[in-house]
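Note sheet for the following structure.
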Amino acid sequence: MRSSVQELLNSLQAATSDEERQAWAVASAHALGLGGIAISYGHELVWFSDDTSARLEDLQFVLGQGPSQLLGKKTGTQQLPDLTRLLARRWPQFAAEAEELGVAALFVWPVHIGAVQVGTMTGYRRTPGPLSAEQLAQGWLVADALAQQVL
């Protein structure tokens, strides 16, 4: 049974073990229509749903390429609904690695504590296409909740 984002947000405080936090992240990703999510503060990966999410975050930090790198310069969510078209020109190494992982689309939300951006939440899908307005809005709720939980 799929959980709603609101049900997941209500259950976040109860996720205390590593296994419970990972299960929560998996359920949240699925509720948002994503294959996985990862949360990073600065250049530190702090929470992730699966190995692909963790690897995508690590690649962005190691290569210095990828959509999370933009969020310090831009505000708002970054939607990259078709990596083959968008990333190959801008971030060739990252695009090749993401393709090898089977990732077709990426979505990045800034993570804020108050007015200060402290990190990012990155989600991926294995199929191309944009998120709906509702999925984008719910992603903000998840990113905000995780900012409070992880700190």
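Identifiers in the structure tokens: chain A, B, ... in order shown; residue index from 1 per chain; ligand index from 1 in order shown.
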Identify, on the basis of only C-alpha atoms, every residue whose closest approach to A:Phe48 does not exceed 12 Å; exclude the query and any residue fewer than 5 positions from it along the same chain; express the result as a short mmCIF file (atom, residue, chain, number, x, y, z; two decimals) with N, CA and C atoms, in the first residue's frame.
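To be explicit, this is the file written out as around27.cif:
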```
data_model
loop_
_atom_site.label_atom_id
_atom_site.label_comp_id
_atom_site.auth_asym_id
_atom_site.auth_seq_id
_atom_site.Cartn_x
_atom_site.Cartn_y
_atom_site.Cartn_z
N ASP A 18 18.56 3.21 11.41
CA ASP A 18 18.99 3.37 10.01
C ASP A 18 18.02 2.67 9.06
N GLU A 19 17.56 1.49 9.43
CA GLU A 19 16.63 0.74 8.57
C GLU A 19 15.30 1.47 8.43
N GLU A 20 14.80 2.03 9.53
CA GLU A 20 13.53 2.76 9.48
C GLU A 20 13.67 4.05 8.65
N ARG A 21 14.79 4.73 8.79
CA ARG A 21 15.00 5.95 8.01
C ARG A 21 15.11 5.63 6.52
N GLN A 22 15.79 4.54 6.19
CA GLN A 22 15.90 4.17 4.78
C GLN A 22 14.53 3.77 4.22
N ALA A 23 13.76 3.01 4.99
CA ALA A 23 12.41 2.62 4.56
C ALA A 23 11.54 3.86 4.37
N TRP A 24 11.68 4.84 5.27
CA TRP A 24 10.93 6.08 5.16
C TRP A 24 11.31 6.82 3.88
N ALA A 25 12.61 6.88 3.59
CA ALA A 25 13.07 7.57 2.38
C ALA A 25 12.56 6.88 1.12
N VAL A 26 12.56 5.55 1.11
CA VAL A 26 12.04 4.80 -0.04
C VAL A 26 10.56 5.11 -0.23
N ALA A 27 9.79 5.06 0.86
CA ALA A 27 8.35 5.34 0.77
C ALA A 27 8.10 6.78 0.32
N SER A 28 8.89 7.72 0.81
CA SER A 28 8.74 9.13 0.40
C SER A 28 9.04 9.30 -1.08
N ALA A 29 10.12 8.68 -1.54
CA ALA A 29 10.46 8.76 -2.96
C ALA A 29 9.31 8.24 -3.81
N GLY A 35 12.22 7.30 -8.09
CA GLY A 35 12.85 6.01 -7.81
C GLY A 35 13.64 6.03 -6.52
N GLY A 36 14.12 7.22 -6.13
CA GLY A 36 14.89 7.35 -4.91
C GLY A 36 15.19 8.80 -4.61
N ILE A 37 15.61 9.07 -3.34
CA ILE A 37 15.98 10.41 -2.92
C ILE A 37 17.24 10.34 -2.07
N ALA A 38 17.95 11.46 -2.04
CA ALA A 38 19.11 11.62 -1.17
C ALA A 38 19.13 13.04 -0.64
N ILE A 39 19.56 13.18 0.61
CA ILE A 39 19.69 14.49 1.24
C ILE A 39 21.16 14.72 1.54
N SER A 40 21.65 15.88 1.16
CA SER A 40 23.03 16.26 1.46
C SER A 40 23.04 17.63 2.10
N SER A 53 20.72 6.53 -5.40
CA SER A 53 20.64 7.90 -4.86
C SER A 53 21.97 8.32 -4.25
N ALA A 54 22.55 7.44 -3.46
CA ALA A 54 23.82 7.75 -2.82
C ALA A 54 24.91 7.97 -3.87
N ARG A 55 24.94 7.13 -4.88
CA ARG A 55 25.96 7.24 -5.93
C ARG A 55 25.81 8.54 -6.72
N LEU A 56 24.57 8.93 -7.03
CA LEU A 56 24.35 10.18 -7.75
C LEU A 56 24.86 11.38 -6.96
N GLU A 57 24.62 11.40 -5.67
CA GLU A 57 25.11 12.50 -4.84
C GLU A 57 26.64 12.51 -4.81
N ASP A 58 27.22 11.35 -4.60
CA ASP A 58 28.68 11.26 -4.57
C ASP A 58 29.29 11.74 -5.88
N THR A 120 20.75 20.02 -0.16
CA THR A 120 19.84 19.68 -1.25
C THR A 120 19.18 18.34 -1.01
N MET A 121 18.02 18.16 -1.63
CA MET A 121 17.37 16.86 -1.73
C MET A 121 17.29 16.55 -3.21
N THR A 122 17.90 15.46 -3.62
CA THR A 122 17.92 15.05 -5.02
C THR A 122 17.09 13.80 -5.19
N GLY A 123 16.19 13.83 -6.16
CA GLY A 123 15.40 12.66 -6.51
C GLY A 123 15.67 12.26 -7.94
N TYR A 124 15.51 10.98 -8.23
CA TYR A 124 15.73 10.52 -9.60
C TYR A 124 14.59 9.62 -10.04
N LEU A 146 12.76 16.94 6.34
CA LEU A 146 14.05 16.28 6.52
C LEU A 146 15.11 17.25 7.06
N VAL A 150 17.04 15.84 10.29
CA VAL A 150 18.44 15.47 10.24
C VAL A 150 19.29 16.34 11.14
#
```
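Every protein, DNA or RNA residue with an atom at most 7 Å from stretch 111-118 of chain A, where only C-alpha atoms count and chain neighbours fewer than 3 positions away do not, is listed here: Tyr41, Gly42, Met121, Ala143, Asp144 and Ala147 of chain A.
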(request) Output as number ranges by chain all residues of stretch 30-74 of chain A that backbone DSSP marks as strand (DSSP E or B). (result) A: 36-41, 44-48
(message) DSSP on the backbone: which residues in chain A end up as alpha helix (DSSP H)? Give the answer as a PyMOL selection string.
(response) chain A and resi 5-11+18-31+51-63+83-90+92-100+133-150
(message) Report as a VMD selection string all protein, DNA and RNA residues lying within 9 Å of A:Gln65, evaluated on only C-alpha atoms, omitting residues in the same chain fewer than 3 positions from it.
(response) chain A and resid 59 to 62 68 to 70 90 to 95
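Minimum atom-to-atom distance to A:Leu106, evaluated using only C-alpha atoms, belongs to A:Gly33 out of A:Gly33, A:Gly64, A:Val142, A:Asn10.
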(request) Return the single residue from A:Pro110, A:Pro67, A:Pro81, A:Gly102 that is closest to A:Pro130, with distances computed using only C-alpha atoms. (result) A:Pro81
(request) In Å, rounded to a single decimal, give me how far atom CA of A:Gln79 is from atom CA of A:Ala98. (result) 15.0 Å
